[in-house]
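Visitor: You'll find upload.pdb just under this line, and it carries PDB, C-alpha atoms and all ligand atoms.
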```pdb
ATOM      1  CA  MET U1497     185.352 195.256  -1.934  1.00  0.00           C
ATOM      2  CA  SER U1498     186.411 195.260  -5.600  1.00  0.00           C
ATOM      3  CA  ASN U1499     190.166 195.441  -5.791  1.00  0.00           C
ATOM      4  CA  PHE U1500     191.582 193.118  -8.347  1.00  0.00           C
ATOM      5  CA  VAL U1501     193.121 193.971 -11.690  1.00  0.00           C
ATOM      6  CA  ASP U1502     192.935 191.479 -14.540  1.00  0.00           C
ATOM      7  CA  ILE U1503     195.471 192.339 -17.240  1.00  0.00           C
ATOM      8  CA  HIS U1504     194.787 189.321 -19.446  1.00  0.00           C
ATOM      9  CA  HIS U1505     191.195 188.881 -20.530  1.00  0.00           C
ATOM     10  CA  HIS U1506     189.520 188.089 -23.865  1.00  0.00           C
ATOM     11  CA  LEU U1507     186.141 189.752 -23.340  1.00  0.00           C
ATOM     12  CA  VAL U1508     185.976 191.933 -26.463  1.00  0.00           C
ATOM     13  CA  TYR U1509     183.627 190.038 -28.728  1.00  0.00           C
ATOM     14  CA  GLY U1510     184.061 189.124 -32.362  1.00  0.00           C
ATOM     15  CA  VAL U1511     187.805 189.685 -32.475  1.00  0.00           C
ATOM     16  CA  ASP U1512     189.471 186.439 -31.390  1.00  0.00           C
ATOM     17  CA  ASP U1513     188.598 183.115 -29.719  1.00  0.00           C
ATOM     18  CA  GLY U1514     187.197 184.856 -26.635  1.00  0.00           C
ATOM     19  CA  ALA U1515     183.670 186.286 -26.447  1.00  0.00           C
ATOM     20  CA  ARG U1516     181.743 185.632 -29.648  1.00  0.00           C
ATOM     21  CA  THR U1517     178.736 187.888 -29.109  1.00  0.00           C
ATOM     22  CA  PHE U1518     177.769 191.013 -27.207  1.00  0.00           C
ATOM     23  CA  GLU U1519     175.851 188.794 -24.785  1.00  0.00           C
ATOM     24  CA  ASP U1520     178.938 186.627 -24.181  1.00  0.00           C
ATOM     25  CA  MET U1521     180.839 189.782 -23.379  1.00  0.00           C
ATOM     26  CA  GLN U1522     178.185 190.953 -20.921  1.00  0.00           C
ATOM     27  CA  GLN U1523     178.344 187.616 -19.105  1.00  0.00           C
ATOM     28  CA  MET U1524     182.124 187.760 -18.903  1.00  0.00           C
ATOM     29  CA  ILE U1525     182.030 191.275 -17.463  1.00  0.00           C
ATOM     30  CA  LEU U1526     179.444 190.272 -14.870  1.00  0.00           C
ATOM     31  CA  GLN U1527     181.516 187.292 -13.873  1.00  0.00           C
ATOM     32  CA  ALA U1528     184.626 189.440 -13.434  1.00  0.00           C
ATOM     33  CA  VAL U1529     182.641 191.879 -11.267  1.00  0.00           C
ATOM     34  CA  ASN U1530     181.463 188.927  -9.223  1.00  0.00           C
ATOM     35  CA  GLN U1531     185.101 187.964  -8.734  1.00  0.00           C
ATOM     36  CA  GLN U1532     185.816 191.461  -7.331  1.00  0.00           C
ATOM     37  CA  VAL U1533     187.740 192.619 -10.368  1.00  0.00           C
ATOM     38  CA  SER U1534     187.616 196.409 -10.649  1.00  0.00           C
ATOM     39  CA  ASP U1535     189.900 196.918 -13.654  1.00  0.00           C
ATOM     40  CA  ILE U1536     190.271 194.776 -16.765  1.00  0.00           C
ATOM     41  CA  VAL U1537     192.746 195.142 -19.599  1.00  0.00           C
ATOM     42  CA  CYS U1538     191.035 193.609 -22.629  1.00  0.00           C
ATOM     43  CA  THR U1539     193.797 191.654 -24.324  1.00  0.00           C
ATOM     44  CA  SER U1540     192.527 190.180 -27.561  1.00  0.00           C
ATOM     45  CA  HIS U1541     195.000 188.077 -29.524  1.00  0.00           C
ATOM     46  CA  ALA U1542     197.363 189.791 -31.943  1.00  0.00           C
ATOM     47  CA  THR U1543     198.909 187.107 -34.113  1.00  0.00           C
ATOM     48  CA  PRO U1544     201.433 187.470 -36.899  1.00  0.00           C
ATOM     49  CA  ARG U1545     199.485 185.149 -39.169  1.00  0.00           C
ATOM     50  CA  GLY U1546     196.635 186.218 -41.420  1.00  0.00           C
ATOM     51  CA  ARG U1547     195.144 189.683 -41.192  1.00  0.00           C
ATOM     52  CA  SER U1548     196.611 192.394 -39.041  1.00  0.00           C
ATOM     53  CA  PHE U1549     195.050 193.281 -35.690  1.00  0.00           C
ATOM     54  CA  PRO U1550     191.480 194.544 -36.358  1.00  0.00           C
ATOM     55  CA  MET U1551     192.003 197.764 -34.443  1.00  0.00           C
ATOM     56  CA  GLU U1552     188.871 199.570 -35.596  1.00  0.00           C
ATOM     57  CA  LEU U1553     186.543 196.632 -34.848  1.00  0.00           C
ATOM     58  CA  TYR U1554     188.284 195.962 -31.525  1.00  0.00           C
ATOM     59  CA  LEU U1555     187.984 199.578 -30.339  1.00  0.00           C
ATOM     60  CA  ARG U1556     184.337 199.781 -31.447  1.00  0.00           C
ATOM     61  CA  HIS U1557     183.383 196.665 -29.488  1.00  0.00           C
ATOM     62  CA  LEU U1558     185.430 197.775 -26.477  1.00  0.00           C
ATOM     63  CA  GLN U1559     183.598 201.091 -26.505  1.00  0.00           C
ATOM     64  CA  ARG U1560     180.277 199.252 -26.657  1.00  0.00           C
ATOM     65  CA  ALA U1561     181.271 197.344 -23.534  1.00  0.00           C
ATOM     66  CA  GLN U1562     182.291 200.552 -21.757  1.00  0.00           C
ATOM     67  CA  LEU U1563     178.965 202.185 -22.632  1.00  0.00           C
ATOM     68  CA  TRP U1564     177.041 199.187 -21.315  1.00  0.00           C
ATOM     69  CA  ILE U1565     179.045 199.240 -18.065  1.00  0.00           C
ATOM     70  CA  ALA U1566     178.245 202.937 -17.633  1.00  0.00           C
ATOM     71  CA  GLN U1567     174.530 202.343 -18.328  1.00  0.00           C
ATOM     72  CA  GLU U1568     174.417 199.516 -15.794  1.00  0.00           C
ATOM     73  CA  GLY U1569     176.519 201.379 -13.253  1.00  0.00           C
ATOM     74  CA  LEU U1570     178.871 198.437 -12.837  1.00  0.00           C
ATOM     75  CA  PRO U1571     181.944 198.943 -10.613  1.00  0.00           C
ATOM     76  CA  VAL U1572     184.522 197.994 -13.232  1.00  0.00           C
ATOM     77  CA  ARG U1573     186.732 199.831 -15.720  1.00  0.00           C
ATOM     78  CA  LEU U1574     187.944 198.472 -19.044  1.00  0.00           C
ATOM     79  CA  TYR U1575     191.183 199.377 -20.806  1.00  0.00           C
ATOM     80  CA  PRO U1576     192.556 198.535 -24.249  1.00  0.00           C
ATOM     81  CA  GLY U1577     195.359 196.078 -24.807  1.00  0.00           C
ATOM     82  CA  CYS U1578     196.279 192.905 -26.639  1.00  0.00           C
ATOM     83  CA  GLU U1579     198.271 189.698 -26.293  1.00  0.00           C
ATOM     84  CA  VAL U1580     201.029 189.648 -28.875  1.00  0.00           C
ATOM     85  CA  LEU U1581     202.103 186.249 -30.179  1.00  0.00           C
ATOM     86  CA  TYR U1582     205.805 186.915 -30.696  1.00  0.00           C
ATOM     87  CA  SER U1583     207.253 186.834 -34.202  1.00  0.00           C
ATOM     88  CA  ASP U1584     210.204 188.433 -35.959  1.00  0.00           C
ATOM     89  CA  HIS U1585     207.888 191.325 -36.846  1.00  0.00           C
ATOM     90  CA  SER U1586     206.451 191.992 -33.387  1.00  0.00           C
ATOM     91  CA  ALA U1587     208.847 194.722 -32.264  1.00  0.00           C
ATOM     92  CA  ARG U1588     208.303 196.694 -35.478  1.00  0.00           C
ATOM     93  CA  GLN U1589     204.540 196.211 -35.320  1.00  0.00           C
ATOM     94  CA  ILE U1590     204.415 197.428 -31.715  1.00  0.00           C
ATOM     95  CA  ARG U1591     206.600 200.430 -32.566  1.00  0.00           C
ATOM     96  CA  GLU U1592     204.362 201.311 -35.507  1.00  0.00           C
ATOM     97  CA  GLY U1593     201.278 201.269 -33.270  1.00  0.00           C
ATOM     98  CA  MET U1594     199.648 198.318 -35.022  1.00  0.00           C
ATOM     99  CA  PHE U1595     198.715 196.815 -31.640  1.00  0.00           C
ATOM    100  CA  PRO U1596     197.178 198.466 -28.565  1.00  0.00           C
ATOM    101  CA  THR U1597     199.580 198.478 -25.600  1.00  0.00           C
ATOM    102  CA  LEU U1598     198.273 197.736 -22.099  1.00  0.00           C
ATOM    103  CA  ALA U1599     195.976 200.566 -20.955  1.00  0.00           C
ATOM    104  CA  GLY U1600     197.742 202.995 -23.272  1.00  0.00           C
ATOM    105  CA  THR U1601     201.060 202.627 -21.407  1.00  0.00           C
ATOM    106  CA  SER U1602     204.414 201.370 -22.649  1.00  0.00           C
ATOM    107  CA  ALA U1603     203.710 197.855 -21.320  1.00  0.00           C
ATOM    108  CA  VAL U1604     203.016 194.929 -23.643  1.00  0.00           C
ATOM    109  CA  LEU U1605     201.778 191.410 -22.972  1.00  0.00           C
ATOM    110  CA  VAL U1606     203.730 188.867 -25.022  1.00  0.00           C
ATOM    111  CA  GLU U1607     203.071 185.175 -25.546  1.00  0.00           C
ATOM    112  CA  PHE U1608     205.032 182.436 -27.320  1.00  0.00           C
ATOM    113  CA  THR U1609     204.344 179.006 -28.675  1.00  0.00           C
ATOM    114  CA  PRO U1610     205.028 176.456 -25.888  1.00  0.00           C
ATOM    115  CA  ASP U1611     208.186 175.047 -27.502  1.00  0.00           C
ATOM    116  CA  THR U1612     209.907 178.423 -27.983  1.00  0.00           C
ATOM    117  CA  ASP U1613     213.496 178.175 -26.811  1.00  0.00           C
ATOM    118  CA  PHE U1614     215.170 180.354 -24.220  1.00  0.00           C
ATOM    119  CA  ASP U1615     217.372 182.290 -26.668  1.00  0.00           C
ATOM    120  CA  ARG U1616     214.360 183.381 -28.672  1.00  0.00           C
ATOM    121  CA  MET U1617     212.619 184.543 -25.510  1.00  0.00           C
ATOM    122  CA  CYS U1618     215.710 186.621 -24.704  1.00  0.00           C
ATOM    123  CA  ASP U1619     215.647 188.051 -28.240  1.00  0.00           C
ATOM    124  CA  ALA U1620     212.007 189.035 -27.800  1.00  0.00           C
ATOM    125  CA  ALA U1621     212.691 190.720 -24.471  1.00  0.00           C
ATOM    126  CA  ARG U1622     215.701 192.545 -25.906  1.00  0.00           C
ATOM    127  CA  GLN U1623     214.039 193.672 -29.131  1.00  0.00           C
ATOM    128  CA  ILE U1624     210.860 194.943 -27.525  1.00  0.00           C
ATOM    129  CA  GLY U1625     212.597 196.208 -24.395  1.00  0.00           C
ATOM    130  CA  ASN U1626     215.117 198.180 -26.451  1.00  0.00           C
ATOM    131  CA  LEU U1627     212.243 200.164 -27.902  1.00  0.00           C
ATOM    132  CA  GLY U1628     211.381 201.332 -24.389  1.00  0.00           C
ATOM    133  CA  TYR U1629     208.515 198.961 -23.624  1.00  0.00           C
ATOM    134  CA  SER U1630     207.985 196.961 -20.449  1.00  0.00           C
ATOM    135  CA  VAL U1631     207.551 193.315 -21.375  1.00  0.00           C
ATOM    136  CA  ILE U1632     205.215 190.955 -19.547  1.00  0.00           C
ATOM    137  CA  PHE U1633     205.326 187.300 -20.494  1.00  0.00           C
ATOM    138  CA  ALA U1634     201.816 185.835 -20.561  1.00  0.00           C
ATOM    139  CA  HIS U1635     201.000 182.527 -18.829  1.00  0.00           C
ATOM    140  CA  VAL U1636     204.613 181.643 -18.048  1.00  0.00           C
ATOM    141  CA  GLU U1637     203.595 178.148 -16.983  1.00  0.00           C
ATOM    142  CA  ARG U1638     203.151 177.122 -20.628  1.00  0.00           C
ATOM    143  CA  TYR U1639     206.759 177.308 -21.725  1.00  0.00           C
ATOM    144  CA  GLN U1640     209.153 174.410 -21.505  1.00  0.00           C
ATOM    145  CA  ALA U1641     212.160 176.752 -21.536  1.00  0.00           C
ATOM    146  CA  LEU U1642     210.999 178.385 -18.309  1.00  0.00           C
ATOM    147  CA  ARG U1643     210.881 175.085 -16.410  1.00  0.00           C
ATOM    148  CA  ASN U1644     214.513 175.970 -15.757  1.00  0.00           C
ATOM    149  CA  LEU U1645     214.326 178.584 -13.023  1.00  0.00           C
ATOM    150  CA  LYS U1646     217.747 179.949 -14.011  1.00  0.00           C
ATOM    151  CA  HIS U1647     216.165 181.010 -17.280  1.00  0.00           C
ATOM    152  CA  VAL U1648     213.355 182.725 -15.418  1.00  0.00           C
ATOM    153  CA  ASN U1649     215.848 184.510 -13.227  1.00  0.00           C
ATOM    154  CA  THR U1650     217.923 185.661 -16.202  1.00  0.00           C
ATOM    155  CA  LEU U1651     214.883 187.029 -18.022  1.00  0.00           C
ATOM    156  CA  ARG U1652     213.815 188.918 -14.913  1.00  0.00           C
ATOM    157  CA  GLU U1653     217.207 190.212 -13.813  1.00  0.00           C
ATOM    158  CA  ASP U1654     219.024 190.792 -17.097  1.00  0.00           C
ATOM    159  CA  TYR U1655     216.111 191.666 -19.367  1.00  0.00           C
ATOM    160  CA  GLY U1656     213.583 193.156 -16.935  1.00  0.00           C
ATOM    161  CA  VAL U1657     210.810 190.808 -18.002  1.00  0.00           C
ATOM    162  CA  TYR U1658     207.725 190.545 -15.790  1.00  0.00           C
ATOM    163  CA  MET U1659     206.004 187.197 -15.325  1.00  0.00           C
ATOM    164  CA  GLN U1660     202.240 186.625 -15.464  1.00  0.00           C
ATOM    165  CA  MET U1661     200.737 183.308 -14.351  1.00  0.00           C
ATOM    166  CA  ASN U1662     197.148 182.248 -15.080  1.00  0.00           C
ATOM    167  CA  THR U1663     194.814 182.026 -12.117  1.00  0.00           C
ATOM    168  CA  ASN U1664     193.636 178.596 -13.229  1.00  0.00           C
ATOM    169  CA  THR U1665     197.191 177.323 -12.892  1.00  0.00           C
ATOM    170  CA  VAL U1666     197.234 178.331  -9.240  1.00  0.00           C
ATOM    171  CA  ILE U1667     193.766 176.854  -8.717  1.00  0.00           C
ATOM    172  CA  THR U1668     194.082 173.183  -9.542  1.00  0.00           C
ATOM    173  CA  LYS U1669     191.578 170.414  -9.033  1.00  0.00           C
ATOM    174  CA  LYS U1670     194.229 168.263  -7.428  1.00  0.00           C
ATOM    175  CA  GLY U1671     195.099 170.664  -4.662  1.00  0.00           C
ATOM    176  CA  PHE U1672     197.029 173.796  -3.982  1.00  0.00           C
ATOM    177  CA  PHE U1673     200.138 174.069  -6.170  1.00  0.00           C
ATOM    178  CA  PHE U1674     199.876 170.576  -7.537  1.00  0.00           C
ATOM    179  CA  ASP U1675     202.723 171.368  -9.900  1.00  0.00           C
ATOM    180  CA  ARG U1676     206.046 171.690  -8.048  1.00  0.00           C
ATOM    181  CA  TRP U1677     207.401 174.167 -10.578  1.00  0.00           C
ATOM    182  CA  VAL U1678     204.396 176.433 -10.007  1.00  0.00           C
ATOM    183  CA  ARG U1679     205.044 176.362  -6.277  1.00  0.00           C
ATOM    184  CA  HIS U1680     208.739 177.139  -6.783  1.00  0.00           C
ATOM    185  CA  MET U1681     207.910 180.059  -9.077  1.00  0.00           C
ATOM    186  CA  LEU U1682     205.612 181.522  -6.453  1.00  0.00           C
ATOM    187  CA  ASP U1683     207.871 180.708  -3.490  1.00  0.00           C
ATOM    188  CA  GLU U1684     210.805 182.424  -5.195  1.00  0.00           C
ATOM    189  CA  GLY U1685     208.718 185.522  -5.884  1.00  0.00           C
ATOM    190  CA  TYR U1686     209.143 185.071  -9.638  1.00  0.00           C
ATOM    191  CA  VAL U1687     205.453 185.605 -10.402  1.00  0.00           C
ATOM    192  CA  ASP U1688     204.757 189.323 -10.636  1.00  0.00           C
ATOM    193  CA  CYS U1689     201.058 188.979 -11.236  1.00  0.00           C
ATOM    194  CA  VAL U1690     198.225 186.565 -11.885  1.00  0.00           C
ATOM    195  CA  ALA U1691     195.513 187.067 -14.488  1.00  0.00           C
ATOM    196  CA  SER U1692     192.523 185.068 -15.650  1.00  0.00           C
ATOM    197  CA  ASP U1693     193.167 184.734 -19.414  1.00  0.00           C
ATOM    198  CA  ALA U1694     189.373 184.327 -19.469  1.00  0.00           C
ATOM    199  CA  HIS U1695     187.857 183.327 -22.814  1.00  0.00           C
ATOM    200  CA  ASN U1696     184.261 182.547 -21.752  1.00  0.00           C
ATOM    201  CA  VAL U1697     182.099 181.806 -18.705  1.00  0.00           C
ATOM    202  CA  THR U1698     182.136 178.029 -18.984  1.00  0.00           C
ATOM    203  CA  SER U1699     185.580 176.501 -19.360  1.00  0.00           C
ATOM    204  CA  ARG U1700     188.120 179.330 -19.305  1.00  0.00           C
ATOM    205  CA  VAL U1701     186.631 181.639 -16.711  1.00  0.00           C
ATOM    206  CA  CYS U1702     187.714 184.529 -14.499  1.00  0.00           C
ATOM    207  CA  ARG U1703     188.429 183.253 -10.991  1.00  0.00           C
ATOM    208  CA  MET U1704     190.479 186.070  -9.510  1.00  0.00           C
ATOM    209  CA  ARG U1705     188.801 186.038  -6.108  1.00  0.00           C
ATOM    210  CA  LEU U1706     189.366 182.335  -5.577  1.00  0.00           C
ATOM    211  CA  CYS U1707     192.975 182.650  -6.718  1.00  0.00           C
ATOM    212  CA  TYR U1708     193.486 185.560  -4.309  1.00  0.00           C
ATOM    213  CA  GLU U1709     192.145 183.506  -1.409  1.00  0.00           C
ATOM    214  CA  MET U1710     194.527 180.670  -2.204  1.00  0.00           C
ATOM    215  CA  LEU U1711     197.529 182.965  -2.557  1.00  0.00           C
ATOM    216  CA  LYS U1712     196.626 184.731   0.686  1.00  0.00           C
ATOM    217  CA  GLU U1713     196.502 181.421   2.507  1.00  0.00           C
ATOM    218  CA  ARG U1714     200.084 180.592   1.599  1.00  0.00           C
ATOM    219  CA  TYR U1715     201.820 183.950   1.154  1.00  0.00           C
ATOM    220  CA  GLY U1716     199.759 186.340   3.254  1.00  0.00           C
ATOM    221  CA  ARG U1717     197.427 189.204   2.398  1.00  0.00           C
ATOM    222  CA  GLU U1718     200.054 191.705   1.264  1.00  0.00           C
ATOM    223  CA  ALA U1719     201.755 189.413  -1.250  1.00  0.00           C
ATOM    224  CA  ALA U1720     198.426 188.127  -2.547  1.00  0.00           C
ATOM    225  CA  LEU U1721     197.066 191.638  -3.029  1.00  0.00           C
ATOM    226  CA  ASP U1722     200.209 192.608  -4.889  1.00  0.00           C
ATOM    227  CA  MET U1723     199.953 189.712  -7.344  1.00  0.00           C
ATOM    228  CA  CYS U1724     196.212 190.303  -7.848  1.00  0.00           C
ATOM    229  CA  GLY U1725     196.287 194.061  -8.273  1.00  0.00           C
ATOM    230  CA  GLY U1726     199.089 196.049  -6.673  1.00  0.00           C
ATOM    231  CA  PHE U1727     201.778 195.214  -9.207  1.00  0.00           C
ATOM    232  CA  GLN U1728     199.375 195.900 -12.059  1.00  0.00           C
ATOM    233  CA  ARG U1729     198.303 199.290 -10.654  1.00  0.00           C
ATOM    234  CA  ARG U1730     201.920 200.388 -10.247  1.00  0.00           C
ATOM    235  CA  LEU U1731     202.949 199.191 -13.697  1.00  0.00           C
ATOM    236  CA  LEU U1732     199.989 200.703 -15.526  1.00  0.00           C
ATOM    237  CA  GLY U1733     199.390 203.730 -13.306  1.00  0.00           C
ATOM    238  CA  LEU U1734     195.804 202.691 -12.592  1.00  0.00           C
ATOM    239  CA  PRO U1735     193.792 204.370  -9.817  1.00  0.00           C
ATOM    240  CA  TRP U1736     193.962 202.790  -6.359  1.00  0.00           C
ATOM    241  CA  PRO U1737     190.788 201.905  -4.486  1.00  0.00           C
ATOM    242  CA  GLU U1738     190.072 203.757  -1.259  1.00  0.00           C
ATOM    243  CA  GLU U1739     190.391 200.573   0.764  1.00  0.00           C
ATOM    244  CA  TYR U1740     193.424 198.493   0.027  1.00  0.00           C
TER
HETATM  245 FE    FE Z1801     195.288 184.953 -23.580  1.00  0.00          FE
END
```
Take the structure in the file and give it back as structure tokens.
Ligand SMILES: [Fe+2]
Guide:
Amino acid sequence: MSNFVDIHHHLVYGVDDGARTFEDMQQMILQAVNQQVSDIVCTSHATPRGRSFPMELYLRHLQRAQLWIAQEGLPVRLYPGCEVLYSDHSARQIREGMFPTLAGTSAVLVEFTPDTDFDRMCDAARQIGNLGYSVIFAHVERYQALRNLKHVNTLREDYGVYMQMNTNTVITKKGFFFDRWVRHMLDEGYVDCVASDAHNVTSRVCRMRLCYEMLKERYGREAALDMCGGFQRRLLGLPWPEEY
């Protein structure tokens, strides 16, 4: 049963530090299928430094992936998107259509440098949110400012920010929820969704199925399904599988 939705995945080749070649991309897609992922939002990095987002190249390589999936008859759908590294220009760039939003909706995936302070995160949520976009913070476990759960709560309640945690943070080598903060985030229901943030098939891989099993063990099937696909389908209006 393929049910999971991965909204943070760097499989489009030749655009960022994810897949480098068409073959890399094929391997990453196959691995996601193996992990029971049925829908992937392909979120290449959009950074404020250097050249602007290579939209034409990105869309061409995404289309190549979609064609290959159709030829192979693989049970997975790909959607456009990107991961915006927040800067003072991000809100304007999003408004001007310089970046692809998640699956063509008004949702955007936003990341920060790890030392970004809380006030700047609030500014980002306000600026982008005021333009009518839903804001999802990528890999929330990376930010020092969010170690304070009051900050997390404020961003969620006052600014409507959604929180995405990486699957590899849930799956640790040292045991389930090795990090106490990670456990608190999940126990409090502050994690809206998990995603792989996959960059390759060796070190930063897609492990959605394993993450789902671990979440199910602690929080039950319904909550685990919601973090691994339900939330994402509601937010992005994606089709629901027959069995769910
Ligand atoms: Fe990422």
Visitor: Taking only residues of chain U that have an atom at most 9 Å from an atom of ligand FE 1801 (chain Z), what is each one's shortest atom pair and its distance in Å to one decimal, using only C-alpha atoms and all ligand atoms, in chain and number order, as CSV?
Guide:
```
residue,atom,partner,partner_atom,distance
U:His1504,CA,Z:FE1801,FE,6.0
U:His1505,CA,Z:FE1801,FE,6.4
U:His1506,CA,Z:FE1801,FE,6.6
U:Gly1514,CA,Z:FE1801,FE,8.6
U:Thr1539,CA,Z:FE1801,FE,6.9
U:Ser1540,CA,Z:FE1801,FE,7.1
U:His1541,CA,Z:FE1801,FE,6.7
U:Cys1578,CA,Z:FE1801,FE,8.6
U:Glu1579,CA,Z:FE1801,FE,6.2
U:Glu1607,CA,Z:FE1801,FE,8.0
U:Ala1634,CA,Z:FE1801,FE,7.2
U:His1635,CA,Z:FE1801,FE,7.8
U:Ser1692,CA,Z:FE1801,FE,8.4
U:Asp1693,CA,Z:FE1801,FE,4.7
U:Ala1694,CA,Z:FE1801,FE,7.2
U:His1695,CA,Z:FE1801,FE,7.6
```
Visitor: Applying 8 Å and only C-alpha atoms, which residues near Val1533 (chain U) remain after dropping the ones on its own chain fewer than 4 positions away? List them as a PyMOL selection string.
Guide: chain U and resi 1498-1502+1528-1529+1572+1704-1705
Visitor: Identify the residues within 10 Å of coordinate (203.9, 191.6, -34.8) (same frame as the file), considering only C-alpha atoms, and give the answer as a ChimeraX atom specification.
Guide: /U:1542-1545,1548-1549,1580-1592,1594-1595
Visitor: I need the residue nearest Leu1731 (chain U) from this list: U:Ala1515, U:Cys1689, U:Val1678, U:Cys1618. Use all atoms listed in the file for the distance.
Guide: U:Cys1689
Visitor: I'd like to see the residues matched by the PyMOL selection byres (((chain U and resi 1687) around 7) and not hetatm) on this file, and ideally I'd get them as a ChimeraX atom specification.
Guide: /U:1659-1661,1681-1682,1685-1686,1688-1689
Visitor: Mind dumping the selected residues with C-alpha atoms as a compact mmCIF listing (two decimals), in the coordinates of the input?
Guide:
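The result, written out as part_38.txt:
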```txt
# COMPACT_ATOMS: atom_id res chain seq x y z
CA MET U 1659 206.00 187.20 -15.32
CA GLN U 1660 202.24 186.62 -15.46
CA MET U 1661 200.74 183.31 -14.35
CA MET U 1681 207.91 180.06 -9.08
CA LEU U 1682 205.61 181.52 -6.45
CA GLY U 1685 208.72 185.52 -5.88
CA TYR U 1686 209.14 185.07 -9.64
CA ASP U 1688 204.76 189.32 -10.64
CA CYS U 1689 201.06 188.98 -11.24
```
Visitor: Interatomic distance between CA of Asp1654 (chain U) and CA of Asp1613 (chain U)?
Guide: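 One can read the CA of Asp1654 (chain U) to CA of Asp1613 (chain U) distance as 16.9 Å.
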Visitor: Let me make sure I understand: among U:Cys1538, U:Leu1574, U:Val1604, U:Met1723, which one has the smallest atom-to-atom distance to Gly1628 (chain U) if we use only C-alpha atoms?
Guide: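 Result for the nearest residue to Gly1628 (chain U): U:Val1604.
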Visitor: From the options U:Pro1737, U:Pro1550, U:Gly1510, U:Gly1625, which residue's atoms come nearest to Pro1596 (chain U), counting only C-alpha atoms?
Guide: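 Going through U:Pro1737, U:Pro1550, U:Gly1510, U:Gly1625 one by one, the smallest distance to Pro1596 (chain U) is for U:Pro1550.
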Visitor: For a test of reading the model, state the distance in Å between CA of Ile1632 (chain U) and CA of Val1657 (chain U), rounded to one decimal.
Guide: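 Pair CA of Ile1632 (chain U) / CA of Val1657 (chain U) returns 5.8 Å.
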Visitor: I'd like the interatomic distance between CA of Arg1730 (chain U) and CA of His1647 (chain U), to a tenth of an Å.
Guide: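 If I compute the distance from CA of Arg1730 (chain U) to CA of His1647 (chain U), I get 25.1 Å.
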Visitor: Taking the file as shown, find all residues satisfying the PyMOL selection byres (((chain U and resi 1524) around 8) and not hetatm) and write them as a ChimeraX atom specification.
Guide: /U:1507,1515,1520-1523,1525-1528,1696-1697,1701-1702
Visitor: Using C-alpha atoms, can you write the selected residues to a file as a PDB file, in the frame of the given file?
Guide:
```pdb
ATOM      1  CA  LEU U1507     186.141 189.752 -23.340  1.00  0.00           C
ATOM      2  CA  ALA U1515     183.670 186.286 -26.447  1.00  0.00           C
ATOM      3  CA  ASP U1520     178.938 186.627 -24.181  1.00  0.00           C
ATOM      4  CA  MET U1521     180.839 189.782 -23.379  1.00  0.00           C
ATOM      5  CA  GLN U1522     178.185 190.953 -20.921  1.00  0.00           C
ATOM      6  CA  GLN U1523     178.344 187.616 -19.105  1.00  0.00           C
ATOM      7  CA  ILE U1525     182.030 191.275 -17.463  1.00  0.00           C
ATOM      8  CA  LEU U1526     179.444 190.272 -14.870  1.00  0.00           C
ATOM      9  CA  GLN U1527     181.516 187.292 -13.873  1.00  0.00           C
ATOM     10  CA  ALA U1528     184.626 189.440 -13.434  1.00  0.00           C
ATOM     11  CA  ASN U1696     184.261 182.547 -21.752  1.00  0.00           C
ATOM     12  CA  VAL U1697     182.099 181.806 -18.705  1.00  0.00           C
ATOM     13  CA  VAL U1701     186.631 181.639 -16.711  1.00  0.00           C
ATOM     14  CA  CYS U1702     187.714 184.529 -14.499  1.00  0.00           C
TER      15      CYS U1702
END
```
Visitor: Output as AutoDock Vina command-line options the centre and edge lengths (Å, one decimal) of the box along x, y and z of the file that holds every listed atom of region 1682-1698 of chain U after adding 4 Å on each side.
Guide:
```
--center_x 196.5 --center_y 183.7 --center_z -13.2 --size_x 36.7 --size_y 19.3 --size_z 27.3
```
Visitor: I'd like the residues picked by the PyMOL selection byres (((chain U and resi 1610) around 10) and not hetatm) written out as JSON, numbers by chain, using the chain letters and numbers from the file.
Guide: {"U": [1607, 1608, 1609, 1611, 1612, 1613, 1636, 1637, 1638, 1639, 1640, 1641, 1642]}
Visitor: Compute the distance from (193.8, 197.0, -18.6) to each atom, counting all atoms listed in the file, keep the residues with any atom at most 7 Å away, and return them as an MDAnalysis selection string; use the coordinates of the file.
Guide: chainID U and resid 1502:1503 1535:1538 1574:1577 1598:1599
Visitor: Using all atoms listed in the file for the distances, tell me which of U:Val1690, U:Val1631, U:Leu1563, U:Met1710 is nearest to Cys1724 (chain U).
Guide: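 The shortest atom-to-atom distance to Cys1724 (chain U) comes from U:Val1690.
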Visitor: Taking into account all atoms listed in the file, which residue in the set U:Trp1564, U:His1680, U:Ser1534, U:Leu1732 is nearest to Tyr1629 (chain U)?
Guide: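 For Tyr1629 (chain U), the nearest of the given residues is U:Leu1732.
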Visitor: If you count only C-alpha atoms, which residues fall within 10 Å of Leu1553 (chain U), apart from same-chain ones fewer than 4 positions away, as a list in words?
Guide: Val1508, Tyr1509, Gly1510, Val1511, Phe1549, His1557, Leu1558 and Gln1559 of chain U
Visitor: Using all atoms listed in the file for the distances, tell me which of U:Met1617, U:Glu1568, U:Gly1733, U:Val1666 is nearest to Lys1712 (chain U).
Guide: U:Val1666
